[in-house]
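Note sheet for the following structure.
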Amino acid sequence: MKNQETIGNVHERTRHLIDAGWVEGLAPEERRWLASHLAGCEACAGRAAATEAALRAFRSLSASPPPGLAASTSLRVREKAAELKQQRARNLALTVGCTLSWMAGVASAPLVWKLFGWLGEALRLPRIVWELGFLCWWFVPAAFAGLAILWAQARVEREDSNGLLETGPRSDEQ
Ligand SMILES: [Zn+2]
């Protein structure tokens, strides 16, 4: 009983060493022990051969990437993500700033309307002239704010798609 358990443990250790040899490598004495066991045990030798064949087939199917590629790729993805986050924050600040200035324009509009009316009367201008003056004052900043927001959004979208093209696997598109 005790002897059988020991034999079972020997094969168990062999299986562990076969797998470990592929994953993290073996110490010299482990390698020697494994080789001597495989030389005398058909079952474990068959298992080692099957493991090697399966891994070779898998490696020939998936072209092995150059060493260090995974690390540099994940680093680039992280850098890109941080960059985009920063740009989004900048664009958000711009959008908020434009919106606030537009709201300030709306809020002060009645006051400015009165001011233009007063100026129009003082300068004896036709009503249409000071009305147009008021409209210019009111619409130009709002139009600029709107254009700035549209421009910022278009830029974010363009940079997003550039990022996808750079890091994505489908570089054959476009
Ligand atoms: Zn064995």
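Residue numbering restarts at 1 for every chain of the structure tokens, chains are lettered A, B, ... in their displayed order, and ligands are numbered from 1 as they appear.
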Produce a table with one row for each residue of chain A that has an atom at most 9 Å from any atom of ligand 1, each row naming the nearest atom pair and its distance in Å at one decimal; use only C-alpha atoms and all ligand atoms; arrange rows by chain and rising residue number; format as a tab-separated table.
residue	atom	partner	partner_atom_place_in_ligand_line	distance
A:Ile7	CA	ligand 1	1 (Zn)	8.2
A:Gly8	CA	ligand 1	1 (Zn)	8.2
A:Val10	CA	ligand 1	1 (Zn)	6.5
A:His11	CA	ligand 1	1 (Zn)	4.1
A:Glu12	CA	ligand 1	1 (Zn)	7.7
A:Arg13	CA	ligand 1	1 (Zn)	8.6
A:Thr14	CA	ligand 1	1 (Zn)	6.2
A:Arg15	CA	ligand 1	1 (Zn)	7.9
A:His37	CA	ligand 1	1 (Zn)	6.3
A:Leu38	CA	ligand 1	1 (Zn)	6.6
A:Gly40	CA	ligand 1	1 (Zn)	7.7
A:Cys41	CA	ligand 1	1 (Zn)	4.7
A:Glu42	CA	ligand 1	1 (Zn)	6.9
A:Ala43	CA	ligand 1	1 (Zn)	5.7
A:Cys44	CA	ligand 1	1 (Zn)	4.2
A:Ala45	CA	ligand 1	1 (Zn)	7.3
A:Arg47	CA	ligand 1	1 (Zn)	9.0
Write out, as a short mmCIF file (atom, residue, chain, number, x, y, z; two decimals), in the first residue's frame, the residues just selected, with N, CA and C atoms.
data_model
loop_
_atom_site.label_atom_id
_atom_site.label_comp_id
_atom_site.auth_asym_id
_atom_site.auth_seq_id
_atom_site.Cartn_x
_atom_site.Cartn_y
_atom_site.Cartn_z
N ILE A 7 4.97 4.97 -5.57
CA ILE A 7 5.09 4.88 -7.03
C ILE A 7 4.17 5.91 -7.69
N GLY A 8 2.92 6.02 -7.14
CA GLY A 8 1.99 7.02 -7.68
C GLY A 8 2.58 8.40 -7.59
N VAL A 10 5.66 9.23 -7.60
CA VAL A 10 6.76 9.37 -8.56
C VAL A 10 6.22 9.80 -9.91
N HIS A 11 5.14 9.14 -10.37
CA HIS A 11 4.57 9.50 -11.67
C HIS A 11 3.93 10.88 -11.62
N GLU A 12 3.32 11.17 -10.46
CA GLU A 12 2.72 12.49 -10.28
C GLU A 12 3.79 13.58 -10.39
N ARG A 13 4.93 13.32 -9.73
CA ARG A 13 6.02 14.30 -9.77
C ARG A 13 6.53 14.43 -11.21
N THR A 14 6.57 13.31 -11.93
CA THR A 14 7.03 13.35 -13.32
C THR A 14 6.11 14.24 -14.15
N ARG A 15 4.79 14.04 -13.98
CA ARG A 15 3.84 14.86 -14.75
C ARG A 15 4.00 16.34 -14.42
N HIS A 37 13.77 9.03 -15.13
CA HIS A 37 12.46 8.39 -14.98
C HIS A 37 11.83 8.11 -16.35
N LEU A 38 11.92 9.07 -17.26
CA LEU A 38 11.32 8.89 -18.59
C LEU A 38 11.99 7.73 -19.32
N GLY A 40 12.95 5.01 -18.05
CA GLY A 40 12.50 3.72 -17.56
C GLY A 40 10.99 3.57 -17.50
N CYS A 41 10.18 4.65 -17.77
CA CYS A 41 8.73 4.58 -17.59
C CYS A 41 8.05 4.93 -18.91
N GLU A 42 7.44 3.94 -19.53
CA GLU A 42 6.85 4.15 -20.85
C GLU A 42 5.67 5.12 -20.78
N ALA A 43 4.85 4.98 -19.71
CA ALA A 43 3.66 5.82 -19.60
C ALA A 43 4.04 7.31 -19.53
N CYS A 44 5.02 7.63 -18.68
CA CYS A 44 5.41 9.03 -18.52
C CYS A 44 6.14 9.52 -19.77
N ALA A 45 6.95 8.66 -20.42
CA ALA A 45 7.63 9.06 -21.65
C ALA A 45 6.60 9.39 -22.73
N ARG A 47 3.56 10.40 -22.20
CA ARG A 47 2.91 11.66 -21.83
C ARG A 47 3.80 12.86 -22.18
#
Stretch 102-118 of chain A environment, 8 Å, only C-alpha atoms, sequence neighbours closer than 3 positions dropped, as a ChimeraX atom specification: /A:98-99,121-122,127,130-131,133-134,138,141-142,145
Can you pull out the residues contacting stretch 92-96 of chain A? Cut-off 9 Å, using only C-alpha atoms, and skip same-chain residues under 2 positions away; I want them as a PyMOL selection string. chain A and resi 87-90+98-101+145-146+148-149+152
Rounded to one decimal in Å, what is the spacing between atom CA of A:Ala27 and atom CA of A:Leu55?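 According to the coordinates, atom CA of A:Ala27 and atom CA of A:Leu55 are separated by 20.8 Å.
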